[in-house]
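Report on the following structure.
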Amino acid sequence: MRKHVGFFLGTVAGACLTVLVTSPQGAHLVGIARAAAHSDNTYSQLNLFGEVFEKVKSDYVEKPEDSKLVEGAINGMISSLDPHSRYMNEKGWSEMQETTHGEFGGLGIEVTMEDGFIKVVAPIDDTPASRAGVMSGDVITTIDGESIQGMTLDQAVNKMKGAPNTSIKLKIVRKDADKPIELAINREIIRVRPVKSHVEGGDIGYVRITSFNEQTTEGLRKAIGDIQKEVPQDKLAGYVIDLRNNPGGLLDQAVSVVSTLMQRGEVVSTRGRNPEETQRFTAHGGDMTKGKPLVVLINGGSASASEIVAGALHDHKRATLIGTRSFGKGSVQTIIPLGTGNGALALTTARYFTPSGHSIQAQGINPDIEILQDVPDEFKTRSEIVSEAKMRGHLAAEGAEQTGSQSYVPPDEKNDKALAAALNQLRGVTINADAKNADAKSAAQQKRPVPN
């Protein structure tokens, strides 16, 4: 942490030095005066905070705990930034590490905070939440009868986690539903199996990636190896990589996943507030698929690391993207431990860009071929989920912002139009699907060679 602060101070000092060297004498005084005024204003605001803190301690109707006041102040400060920056106390930090390792006790849902409530980004496959019918876009209003308004995201998540075989009651609001839905769910040990695979029709490898935790790349490599053992190389038409409703995860796993599917090239670049903070990540390790064609499935629930993978494979013409526009989370959070017992800070420190220089923030990635699913009547109000552009306080896009897109995935593969289109694409069959501009897009697709 000292190194991080030292870099920041060095940057500020360097900027001031440049002004002093290159500016006329009058500008010297203006620059110094502005710096002094800024410093005075900062100290004034900190004095105000101290005054309020002391007044609350001395005059509040009940004696408050100092640690809770400080934690509440920190949460308030961080919540004024963007939806993805957050403070984690020691317990929250420990639980986050469990999640990235891929095993924890709970329900199995990825959530975000919006307007004081918890909104579901996506349920994790084969977990208590998904089996109970929790869906993308559901708004959780109470947990075990207690309203979550006033809770932080970490506090609400901590209430949903717990020992296996214990029950929890959620009240959920769905768009246009007549009344709230009440669910009783038994917690389980959530072992997030981030990769699943099988062979489709004897000639295509299907690989679904549900999240990007520490086990994802290993799982992908195993899946590809299993498919290659089952299908001879000369019979293998290609691979479908399904990233639909994948909420993302670890940046290094996104980079290594692309490295598994692409021989070489830039995967993603991240740009912070200062030009010298730009970083570039490139593919390494070789293409395990041996150049076989790829189709990547995306939808409105594909976010963050999923968008990095889809964007890299698309920009290098390594894959065709099929489905609907992705979520649009184009920011990077750095985890900054705050010392023993003080937890950690997840702070948005950069935007990320695809190899072509496209910013995904609040825009998402558009598929090459847009395929809209047939959504059952009972799910039609859930065919769109919250997108980055709809989240309060989100970082602004560099171009026109795009709202959420369809995220419904049929549970039965035979009804999955996007999957059918992917299989047809790999087999060289003309795609014919109900989609916006389907005729034009299909015609364009027929003229375009399959990437390899």
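By convention here, the chains of the structure tokens are called A, B, ... in the order presented, each chain's residues are numbered starting at 1, and ligands are numbered starting at 1 in the order presented.
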
Please extract the residues of stretch 93-288 of chain A with a backbone DSSP assignment of strand (DSSP E or B) and present them as number ranges by chain. A: 103-106, 109-114, 117-123, 139-143, 146-147, 167-173, 181-186, 188-191, 195-200, 204-209, 212, 238-242, 249, 266-271, 279-282

Name the residues in contact with A:Ile118 at a cut-off of 6 Å, using only C-alpha atoms, excluding same-chain residues fewer than 5 positions from it; report them as number ranges by chain. A: 112-113, 139-140

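Here atom CA of A:Ala283 is placed at a distance of 5.5 Å from atom CA of A:Gly265.
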
Using only C-alpha atoms, which of A:Thr334, A:Thr354, A:Thr289, A:Gln279 sits nearest A:Ser259?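 Ranking A:Thr334, A:Thr354, A:Thr289, A:Gln279 by distance to A:Ser259, first place goes to A:Thr289.
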
What are the closest atom pairs, with distances in Å to one decimal, for all residues of stretch 318-422 of chain A lying within 12 Å of stretch 246-254 of chain A? Consider only C-alpha atoms, order rows by chain and residue number, and present the result as CSV.
```
residue,atom,partner,partner_atom,distance
A:Ser326,CA,A:Asn246,CA,10.0
A:Phe327,CA,A:Pro247,CA,8.7
A:Gly328,CA,A:Pro247,CA,10.7
A:Lys329,CA,A:Gly248,CA,9.3
A:Gly330,CA,A:Gly248,CA,11.0
A:Ser331,CA,A:Leu251,CA,10.7
A:Val332,CA,A:Leu251,CA,8.2
A:Gln333,CA,A:Leu251,CA,9.4
A:Thr334,CA,A:Leu251,CA,10.1
A:Ile335,CA,A:Leu250,CA,11.0
A:Tyr352,CA,A:Leu251,CA,10.3
A:Ser387,CA,A:Pro247,CA,11.4
A:Glu388,CA,A:Pro247,CA,11.7
A:Ser407,CA,A:Asn246,CA,10.5
A:Val409,CA,A:Asn246,CA,11.9
```

Produce a file of the selected residues containing C-alpha atoms, as a CSV table (one decimal), in the first residue's frame.
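So the final result, stored in result22.csv, reads:
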```csv
chain,number,residue,atom,x,y,z
A,326,SER,CA,-23.2,-8.2,-23.7
A,327,PHE,CA,-23.5,-6.5,-20.3
A,328,GLY,CA,-21.0,-3.7,-20.8
A,329,LYS,CA,-18.8,-3.8,-17.7
A,330,GLY,CA,-15.5,-2.4,-19.0
A,331,SER,CA,-13.7,-1.5,-15.7
A,332,VAL,CA,-11.0,-3.2,-13.7
A,333,GLN,CA,-11.1,-3.4,-9.9
A,334,THR,CA,-7.8,-3.7,-8.0
A,335,ILE,CA,-7.9,-5.4,-4.7
A,352,TYR,CA,-10.1,-2.1,-20.2
A,387,SER,CA,-26.9,-3.5,-17.8
A,388,GLU,CA,-23.9,-1.5,-16.9
A,407,SER,CA,-30.4,-12.9,-21.4
A,409,VAL,CA,-31.3,-19.2,-22.2
```

Go through A:Lys171, A:Lys222, A:Arg193, A:Lys68 and flag the residue nearest A:Thr210, using only C-alpha atoms for the distances. A:Arg193

Interatomic distance between atom CA of A:Leu107 and atom CA of A:Asn245?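 Interatomic distance here is 16.7 Å.
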
Please run DSSP on the backbone and report, as a ChimeraX atom specification, all residues within stretch 239-436 of chain A that come out as helix (DSSP H, G or I). /A:251-261,275-277,305-315,377-382,388-390,413-415,417-427

Write the residues of the selection above to a file with C-alpha atoms, as a PDB file, in the first residue's frame.
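Result file is part27.pdb:
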```pdb
ATOM      1  CA  LEU A 251      -8.553 -10.839 -15.130  1.00  0.00           C
ATOM      2  CA  ASP A 252      -5.600 -13.240 -15.206  1.00  0.00           C
ATOM      3  CA  GLN A 253      -7.984 -16.116 -15.893  1.00  0.00           C
ATOM      4  CA  ALA A 254      -9.526 -14.242 -18.827  1.00  0.00           C
ATOM      5  CA  VAL A 255      -6.038 -13.758 -20.276  1.00  0.00           C
ATOM      6  CA  SER A 256      -5.064 -17.405 -19.805  1.00  0.00           C
ATOM      7  CA  VAL A 257      -8.372 -18.613 -21.289  1.00  0.00           C
ATOM      8  CA  VAL A 258      -7.683 -16.599 -24.442  1.00  0.00           C
ATOM      9  CA  SER A 259      -4.125 -17.984 -24.430  1.00  0.00           C
ATOM     10  CA  THR A 260      -5.637 -21.477 -24.498  1.00  0.00           C
ATOM     11  CA  LEU A 261      -7.734 -20.632 -27.571  1.00  0.00           C
ATOM     12  CA  PRO A 275      -0.924   7.355 -19.254  1.00  0.00           C
ATOM     13  CA  GLU A 276       2.035   5.596 -17.635  1.00  0.00           C
ATOM     14  CA  GLU A 277      -0.361   3.195 -15.911  1.00  0.00           C
ATOM     15  CA  ALA A 305     -13.954 -11.192 -17.965  1.00  0.00           C
ATOM     16  CA  SER A 306     -16.449 -12.772 -20.394  1.00  0.00           C
ATOM     17  CA  GLU A 307     -16.385  -9.620 -22.482  1.00  0.00           C
ATOM     18  CA  ILE A 308     -12.573  -9.548 -22.433  1.00  0.00           C
ATOM     19  CA  VAL A 309     -12.466 -13.094 -23.833  1.00  0.00           C
ATOM     20  CA  ALA A 310     -15.178 -12.474 -26.433  1.00  0.00           C
ATOM     21  CA  GLY A 311     -13.632  -9.153 -27.483  1.00  0.00           C
ATOM     22  CA  ALA A 312     -10.129 -10.567 -27.902  1.00  0.00           C
ATOM     23  CA  LEU A 313     -11.212 -13.599 -29.926  1.00  0.00           C
ATOM     24  CA  HIS A 314     -13.440 -11.409 -32.082  1.00  0.00           C
ATOM     25  CA  ASP A 315     -10.876  -8.676 -32.777  1.00  0.00           C
ATOM     26  CA  ASP A 377     -44.726 -16.001 -21.541  1.00  0.00           C
ATOM     27  CA  GLU A 378     -43.875 -16.484 -17.859  1.00  0.00           C
ATOM     28  CA  PHE A 379     -40.331 -15.253 -18.509  1.00  0.00           C
ATOM     29  CA  LYS A 380     -41.002 -12.442 -20.971  1.00  0.00           C
ATOM     30  CA  THR A 381     -40.622  -9.741 -18.335  1.00  0.00           C
ATOM     31  CA  ARG A 382     -37.237 -11.271 -17.526  1.00  0.00           C
ATOM     32  CA  GLU A 388     -23.868  -1.467 -16.880  1.00  0.00           C
ATOM     33  CA  ALA A 389     -25.411   1.578 -18.574  1.00  0.00           C
ATOM     34  CA  LYS A 390     -28.458   1.316 -16.280  1.00  0.00           C
ATOM     35  CA  GLU A 413     -30.957 -27.420 -25.824  1.00  0.00           C
ATOM     36  CA  LYS A 414     -33.407 -28.308 -28.561  1.00  0.00           C
ATOM     37  CA  ASN A 415     -35.080 -24.906 -28.026  1.00  0.00           C
ATOM     38  CA  LYS A 417     -31.687 -20.943 -31.165  1.00  0.00           C
ATOM     39  CA  ALA A 418     -28.272 -19.422 -30.482  1.00  0.00           C
ATOM     40  CA  LEU A 419     -26.711 -22.828 -29.895  1.00  0.00           C
ATOM     41  CA  ALA A 420     -28.360 -24.188 -33.040  1.00  0.00           C
ATOM     42  CA  ALA A 421     -26.984 -21.249 -35.017  1.00  0.00           C
ATOM     43  CA  ALA A 422     -23.503 -21.902 -33.601  1.00  0.00           C
ATOM     44  CA  LEU A 423     -23.609 -25.572 -34.593  1.00  0.00           C
ATOM     45  CA  ASN A 424     -24.814 -24.664 -38.088  1.00  0.00           C
ATOM     46  CA  GLN A 425     -22.060 -22.068 -38.410  1.00  0.00           C
ATOM     47  CA  LEU A 426     -19.370 -24.626 -37.605  1.00  0.00           C
ATOM     48  CA  ARG A 427     -20.864 -27.181 -39.959  1.00  0.00           C
TER      49      ARG A 427
END
```

Closest contacts (stretch 281-347 of chain A/stretch 146-170 of chain A, max 12 Å, only C-alpha atoms) as CSV:
```
residue,atom,partner,partner_atom,distance
A:Gly343,CA,A:Asp154,CA,11.8
A:Ala344,CA,A:Asp154,CA,11.9
A:Leu345,CA,A:Asp154,CA,11.9
A:Ala346,CA,A:Asp154,CA,11.6
```

Which residues are near A:Arg392? Cut-off 8 Å, only C-alpha atoms, ignore same chain within fewer than 2 positions. Put them as JSON, numbers by chain. {"A": [82, 83, 114, 115, 390, 394]}

File dump, residues just selected, all heavy atoms, as an mmCIF file, in the first residue's frame:
```cif
data_model
loop_
_atom_site.group_PDB
_atom_site.id
_atom_site.type_symbol
_atom_site.label_atom_id
_atom_site.label_comp_id
_atom_site.auth_asym_id
_atom_site.auth_seq_id
_atom_site.Cartn_x
_atom_site.Cartn_y
_atom_site.Cartn_z
ATOM 1 N N ASP A 82 -18.308 4.462 -7.931
ATOM 2 C CA ASP A 82 -18.997 3.727 -8.991
ATOM 3 C C ASP A 82 -19.539 2.439 -8.395
ATOM 4 O O ASP A 82 -19.172 2.070 -7.272
ATOM 5 C CB ASP A 82 -18.050 3.446 -10.169
ATOM 6 C CG ASP A 82 -17.023 2.380 -9.831
ATOM 7 O OD1 ASP A 82 -16.190 2.598 -8.929
ATOM 8 O OD2 ASP A 82 -17.059 1.306 -10.459
ATOM 9 N N PRO A 83 -20.408 1.701 -9.095
ATOM 10 C CA PRO A 83 -21.067 0.539 -8.485
ATOM 11 C C PRO A 83 -20.137 -0.613 -8.146
ATOM 12 O O PRO A 83 -20.535 -1.517 -7.407
ATOM 13 C CB PRO A 83 -22.086 0.104 -9.555
ATOM 14 C CG PRO A 83 -22.190 1.233 -10.510
ATOM 15 C CD PRO A 83 -20.911 1.976 -10.453
ATOM 16 N N GLU A 114 -28.168 -2.036 -6.326
ATOM 17 C CA GLU A 114 -28.787 -1.007 -7.147
ATOM 18 C C GLU A 114 -29.957 -0.385 -6.395
ATOM 19 O O GLU A 114 -30.862 -1.085 -5.933
ATOM 20 C CB GLU A 114 -29.273 -1.577 -8.489
ATOM 21 C CG GLU A 114 -29.861 -0.527 -9.410
ATOM 22 C CD GLU A 114 -30.257 -1.101 -10.750
ATOM 23 O OE1 GLU A 114 -29.366 -1.474 -11.527
ATOM 24 O OE2 GLU A 114 -31.463 -1.188 -11.021
ATOM 25 N N ASP A 115 -29.915 0.939 -6.248
ATOM 26 C CA ASP A 115 -30.988 1.683 -5.576
ATOM 27 C C ASP A 115 -31.289 1.136 -4.184
ATOM 28 O O ASP A 115 -32.442 1.112 -3.742
ATOM 29 C CB ASP A 115 -32.273 1.676 -6.425
ATOM 30 C CG ASP A 115 -32.089 2.381 -7.757
ATOM 31 O OD1 ASP A 115 -31.249 3.309 -7.808
ATOM 32 O OD2 ASP A 115 -32.769 2.018 -8.726
ATOM 33 N N LYS A 390 -27.309 1.010 -17.130
ATOM 34 C CA LYS A 390 -28.458 1.316 -16.280
ATOM 35 C C LYS A 390 -28.090 1.465 -14.807
ATOM 36 O O LYS A 390 -28.929 1.851 -13.996
ATOM 37 C CB LYS A 390 -29.517 0.209 -16.422
ATOM 38 C CG LYS A 390 -30.255 0.205 -17.750
ATOM 39 C CD LYS A 390 -31.336 -0.873 -17.739
ATOM 40 C CE LYS A 390 -32.139 -0.866 -19.016
ATOM 41 N NZ LYS A 390 -33.194 -1.923 -19.009
ATOM 42 N N HIS A 394 -22.464 4.638 -12.735
ATOM 43 C CA HIS A 394 -21.487 3.911 -13.558
ATOM 44 C C HIS A 394 -20.545 4.878 -14.265
ATOM 45 O O HIS A 394 -20.885 6.044 -14.512
ATOM 46 C CB HIS A 394 -22.206 3.028 -14.580
ATOM 47 C CG HIS A 394 -22.921 3.811 -15.653
ATOM 48 N ND1 HIS A 394 -24.227 4.222 -15.524
ATOM 49 C CD2 HIS A 394 -22.517 4.258 -16.876
ATOM 50 C CE1 HIS A 394 -24.600 4.885 -16.600
ATOM 51 N NE2 HIS A 394 -23.568 4.926 -17.442
#
```

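For A:Leu321, the list of residues within 9 Å, based on only C-alpha atoms and with local chain neighbours fewer than 4 positions off taken out, reads A:Leu294, A:Val295, A:Val296, A:Leu297, A:Ile298, A:Ala310, A:Leu313, A:His314, A:Asn366, A:Pro367, A:Asp368, A:Ile369, A:Glu370, A:Ala422.
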
Using all heavy atoms, can you write the selected residues to a file as a JSON list (two decimals), in the first residue's frame?
```json
[["chain", "number", "residue", "atom", "x", "y", "z"],
["A", 294, "LEU", "N", -13.91, -21.46, -34.02],
["A", 294, "LEU", "CA", -14.58, -21.22, -32.75],
["A", 294, "LEU", "C", -15.82, -20.36, -32.96],
["A", 294, "LEU", "O", -15.81, -19.43, -33.78],
["A", 294, "LEU", "CB", -13.66, -20.46, -31.77],
["A", 294, "LEU", "CG", -12.32, -21.07, -31.39],
["A", 294, "LEU", "CD1", -11.57, -20.12, -30.46],
["A", 294, "LEU", "CD2", -12.51, -22.43, -30.72],
["A", 295, "VAL", "N", -16.87, -20.65, -32.22],
["A", 295, "VAL", "CA", -18.03, -19.76, -32.08],
["A", 295, "VAL", "C", -18.19, -19.47, -30.60],
["A", 295, "VAL", "O", -18.17, -20.39, -29.77],
["A", 295, "VAL", "CB", -19.32, -20.39, -32.65],
["A", 295, "VAL", "CG1", -20.53, -19.52, -32.29],
["A", 295, "VAL", "CG2", -19.22, -20.54, -34.16],
["A", 296, "VAL", "N", -18.33, -18.20, -30.26],
["A", 296, "VAL", "CA", -18.52, -17.79, -28.87],
["A", 296, "VAL", "C", -19.95, -17.28, -28.70],
["A", 296, "VAL", "O", -20.39, -16.41, -29.46],
["A", 296, "VAL", "CB", -17.51, -16.70, -28.45],
["A", 296, "VAL", "CG1", -17.81, -16.20, -27.04],
["A", 296, "VAL", "CG2", -16.09, -17.25, -28.52],
["A", 297, "LEU", "N", -20.67, -17.84, -27.73],
["A", 297, "LEU", "CA", -22.03, -17.41, -27.43],
["A", 297, "LEU", "C", -22.01, -16.38, -26.31],
["A", 297, "LEU", "O", -21.40, -16.61, -25.26],
["A", 297, "LEU", "CB", -22.89, -18.60, -27.02],
["A", 297, "LEU", "CG", -23.08, -19.72, -28.05],
["A", 297, "LEU", "CD1", -23.95, -20.83, -27.47],
["A", 297, "LEU", "CD2", -23.69, -19.18, -29.33],
["A", 298, "ILE", "N", -22.66, -15.23, -26.53],
["A", 298, "ILE", "CA", -22.76, -14.19, -25.51],
["A", 298, "ILE", "C", -24.20, -13.72, -25.42],
["A", 298, "ILE", "O", -25.00, -13.93, -26.33],
["A", 298, "ILE", "CB", -21.84, -12.98, -25.82],
["A", 298, "ILE", "CG1", -22.19, -12.37, -27.19],
["A", 298, "ILE", "CG2", -20.38, -13.38, -25.75],
["A", 298, "ILE", "CD1", -21.46, -11.06, -27.48],
["A", 310, "ALA", "N", -14.44, -12.60, -25.17],
["A", 310, "ALA", "CA", -15.18, -12.47, -26.43],
["A", 310, "ALA", "C", -14.56, -11.39, -27.32],
["A", 310, "ALA", "O", -14.41, -11.58, -28.53],
["A", 310, "ALA", "CB", -16.64, -12.16, -26.14],
["A", 313, "LEU", "N", -11.06, -12.59, -28.87],
["A", 313, "LEU", "CA", -11.21, -13.60, -29.93],
["A", 313, "LEU", "C", -11.87, -13.00, -31.17],
["A", 313, "LEU", "O", -11.55, -13.37, -32.30],
["A", 313, "LEU", "CB", -12.02, -14.78, -29.39],
["A", 313, "LEU", "CG", -11.36, -15.57, -28.26],
["A", 313, "LEU", "CD1", -12.32, -16.63, -27.72],
["A", 313, "LEU", "CD2", -10.06, -16.23, -28.72],
["A", 314, "HIS", "N", -12.77, -12.06, -30.96],
["A", 314, "HIS", "CA", -13.44, -11.41, -32.08],
["A", 314, "HIS", "C", -12.48, -10.50, -32.84],
["A", 314, "HIS", "O", -12.40, -10.54, -34.07],
["A", 314, "HIS", "CB", -14.63, -10.61, -31.57],
["A", 314, "HIS", "CG", -15.33, -9.82, -32.63],
["A", 314, "HIS", "ND1", -15.03, -8.50, -32.91],
["A", 314, "HIS", "CD2", -16.31, -10.16, -33.51],
["A", 314, "HIS", "CE1", -15.79, -8.06, -33.90],
["A", 314, "HIS", "NE2", -16.57, -9.06, -34.28],
["A", 366, "ASN", "N", -21.25, -6.20, -29.39],
["A", 366, "ASN", "CA", -22.32, -6.67, -30.27],
["A", 366, "ASN", "C", -21.89, -7.95, -30.97],
["A", 366, "ASN", "O", -20.76, -8.05, -31.45],
["A", 366, "ASN", "CB", -22.64, -5.60, -31.32],
["A", 366, "ASN", "CG", -23.34, -4.40, -30.71],
["A", 366, "ASN", "OD1", -24.33, -4.55, -30.00],
["A", 366, "ASN", "ND2", -22.82, -3.22, -30.97],
["A", 367, "PRO", "N", -22.77, -8.93, -31.04],
["A", 367, "PRO", "CA", -22.43, -10.18, -31.73],
["A", 367, "PRO", "C", -22.35, -9.97, -33.24],
["A", 367, "PRO", "O", -22.94, -9.03, -33.78],
["A", 367, "PRO", "CB", -23.58, -11.11, -31.36],
["A", 367, "PRO", "CG", -24.73, -10.19, -31.13],
["A", 367, "PRO", "CD", -24.15, -8.94, -30.52],
["A", 368, "ASP", "N", -21.63, -10.85, -33.91],
["A", 368, "ASP", "CA", -21.63, -10.83, -35.38],
["A", 368, "ASP", "C", -23.00, -11.22, -35.91],
["A", 368, "ASP", "O", -23.46, -10.68, -36.93],
["A", 368, "ASP", "CB", -20.59, -11.82, -35.91],
["A", 368, "ASP", "CG", -19.18, -11.45, -35.51],
["A", 368, "ASP", "OD1", -18.75, -10.34, -35.84],
["A", 368, "ASP", "OD2", -18.50, -12.26, -34.85],
["A", 369, "ILE", "N", -23.64, -12.16, -35.24],
["A", 369, "ILE", "CA", -24.97, -12.62, -35.63],
["A", 369, "ILE", "C", -25.87, -12.53, -34.41],
["A", 369, "ILE", "O", -25.63, -13.21, -33.41],
["A", 369, "ILE", "CB", -24.94, -14.07, -36.15],
["A", 369, "ILE", "CG1", -23.94, -14.20, -37.31],
["A", 369, "ILE", "CG2", -26.33, -14.52, -36.57],
["A", 369, "ILE", "CD1", -23.67, -15.63, -37.71],
["A", 370, "GLU", "N", -26.87, -11.69, -34.49],
["A", 370, "GLU", "CA", -27.79, -11.54, -33.36],
["A", 370, "GLU", "C", -28.91, -12.57, -33.46],
["A", 370, "GLU", "O", -29.59, -12.68, -34.48],
["A", 370, "GLU", "CB", -28.40, -10.14, -33.34],
["A", 370, "GLU", "CG", -29.29, -9.92, -32.11],
["A", 370, "GLU", "CD", -29.95, -8.55, -32.12],
["A", 370, "GLU", "OE1", -30.51, -8.17, -33.17],
["A", 370, "GLU", "OE2", -29.89, -7.86, -31.10],
["A", 422, "ALA", "N", -24.94, -21.65, -33.75],
["A", 422, "ALA", "CA", -23.50, -21.90, -33.60],
["A", 422, "ALA", "C", -23.10, -23.23, -34.24],
["A", 422, "ALA", "O", -22.08, -23.32, -34.95],
["A", 422, "ALA", "CB", -23.13, -21.89, -32.12]]
```

Who sits within 9 Å of A:Ala122, only C-alpha atoms, same chain under 6 positions skipped, as a PDB file with N, CA and C atoms, in the first residue's frame:
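result14.pdb, freshly written:
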```
ATOM      1  N   ILE A 109     -25.356 -17.303  -6.191  1.00  0.00           N
ATOM      2  CA  ILE A 109     -25.800 -16.228  -7.087  1.00  0.00           C
ATOM      3  C   ILE A 109     -24.757 -15.123  -7.123  1.00  0.00           C
ATOM      4  N   GLU A 110     -24.621 -14.507  -8.289  1.00  0.00           N
ATOM      5  CA  GLU A 110     -23.801 -13.310  -8.450  1.00  0.00           C
ATOM      6  C   GLU A 110     -24.737 -12.112  -8.360  1.00  0.00           C
ATOM      7  N   VAL A 111     -24.411 -11.156  -7.478  1.00  0.00           N
ATOM      8  CA  VAL A 111     -25.323 -10.037  -7.241  1.00  0.00           C
ATOM      9  C   VAL A 111     -24.585  -8.709  -7.322  1.00  0.00           C
ATOM     10  N   SER A 130     -30.238 -21.448  -8.420  1.00  0.00           N
ATOM     11  CA  SER A 130     -30.723 -21.743  -9.771  1.00  0.00           C
ATOM     12  C   SER A 130     -31.845 -22.775  -9.735  1.00  0.00           C
ATOM     13  N   VAL A 134     -34.357 -18.675  -9.003  1.00  0.00           N
ATOM     14  CA  VAL A 134     -33.846 -17.311  -9.003  1.00  0.00           C
ATOM     15  C   VAL A 134     -33.329 -16.997 -10.401  1.00  0.00           C
ATOM     16  N   MET A 135     -33.635 -15.788 -10.909  1.00  0.00           N
ATOM     17  CA  MET A 135     -33.287 -15.443 -12.284  1.00  0.00           C
ATOM     18  C   MET A 135     -32.507 -14.139 -12.359  1.00  0.00           C
ATOM     19  N   SER A 136     -31.787 -13.971 -13.465  1.00  0.00           N
ATOM     20  CA  SER A 136     -31.095 -12.716 -13.724  1.00  0.00           C
ATOM     21  C   SER A 136     -32.092 -11.564 -13.682  1.00  0.00           C
ATOM     22  N   GLY A 137     -31.731 -10.488 -12.984  1.00  0.00           N
ATOM     23  CA  GLY A 137     -32.598  -9.327 -12.892  1.00  0.00           C
ATOM     24  C   GLY A 137     -33.520  -9.310 -11.705  1.00  0.00           C
ATOM     25  N   ASN A 245     -24.538 -15.488 -19.688  1.00  0.00           N
ATOM     26  CA  ASN A 245     -24.821 -15.319 -18.256  1.00  0.00           C
ATOM     27  C   ASN A 245     -23.607 -15.606 -17.377  1.00  0.00           C
ATOM     28  N   ASN A 246     -22.415 -15.428 -17.928  1.00  0.00           N
ATOM     29  CA  ASN A 246     -21.182 -15.545 -17.149  1.00  0.00           C
ATOM     30  C   ASN A 246     -20.832 -14.149 -16.640  1.00  0.00           C
ATOM     31  N   PRO A 247     -20.889 -13.915 -15.321  1.00  0.00           N
ATOM     32  CA  PRO A 247     -20.709 -12.553 -14.791  1.00  0.00           C
ATOM     33  C   PRO A 247     -19.262 -12.099 -14.706  1.00  0.00           C
ATOM     34  N   GLY A 301     -26.181 -11.220 -20.082  1.00  0.00           N
ATOM     35  CA  GLY A 301     -25.592 -11.576 -18.794  1.00  0.00           C
ATOM     36  C   GLY A 301     -24.110 -11.871 -18.879  1.00  0.00           C
TER      37      GLY A 301
END
```

Atom CA of A:Ala400 to atom CA of A:Phe117: how many Å, to one decimal?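 Atom-to-atom, atom CA of A:Ala400 to atom CA of A:Phe117, that is 27.1 Å.
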
Shell of 10 Å around stretch 225-234 of chain A, only C-alpha atoms, local chain residues under 2 positions omitted, as a PDB file with C-alpha atoms, in the first residue's frame:
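So selection.pdb came out as:
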```pdb
ATOM      1  CA  SER A 197     -18.243 -29.738 -21.682  1.00  0.00           C
ATOM      2  CA  HIS A 198     -19.614 -32.408 -23.983  1.00  0.00           C
ATOM      3  CA  VAL A 199     -19.579 -33.380 -27.655  1.00  0.00           C
ATOM      4  CA  GLY A 202     -20.186 -36.352 -32.717  1.00  0.00           C
ATOM      5  CA  ASP A 203     -18.267 -33.523 -34.413  1.00  0.00           C
ATOM      6  CA  ILE A 204     -18.376 -30.340 -32.276  1.00  0.00           C
ATOM      7  CA  GLY A 205     -16.961 -29.677 -28.836  1.00  0.00           C
ATOM      8  CA  TYR A 206     -19.282 -27.662 -26.592  1.00  0.00           C
ATOM      9  CA  VAL A 207     -17.632 -25.869 -23.648  1.00  0.00           C
ATOM     10  CA  GLY A 219     -10.989 -26.714 -16.367  1.00  0.00           C
ATOM     11  CA  LEU A 220     -10.961 -25.402 -19.939  1.00  0.00           C
ATOM     12  CA  ARG A 221      -7.763 -27.254 -20.797  1.00  0.00           C
ATOM     13  CA  LYS A 222      -9.155 -30.463 -19.366  1.00  0.00           C
ATOM     14  CA  ALA A 223     -12.395 -30.014 -21.321  1.00  0.00           C
ATOM     15  CA  LEU A 236     -13.769 -32.269 -35.256  1.00  0.00           C
ATOM     16  CA  ALA A 237     -15.590 -29.336 -36.922  1.00  0.00           C
ATOM     17  CA  GLY A 238     -14.787 -26.838 -34.159  1.00  0.00           C
ATOM     18  CA  TYR A 239     -15.761 -25.602 -30.714  1.00  0.00           C
ATOM     19  CA  MET A 288      -4.884 -26.048 -27.586  1.00  0.00           C
ATOM     20  CA  THR A 289      -7.647 -26.257 -30.198  1.00  0.00           C
ATOM     21  CA  LYS A 290      -5.000 -26.461 -32.977  1.00  0.00           C
ATOM     22  CA  LYS A 292     -10.110 -25.294 -35.155  1.00  0.00           C
TER      23      LYS A 292
END
```

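Restricting the calculation to only C-alpha atoms, the smallest distance between A:Arg86 and any of A:Gln373, A:Thr348, A:Thr42, A:Thr141 is found for A:Thr348.
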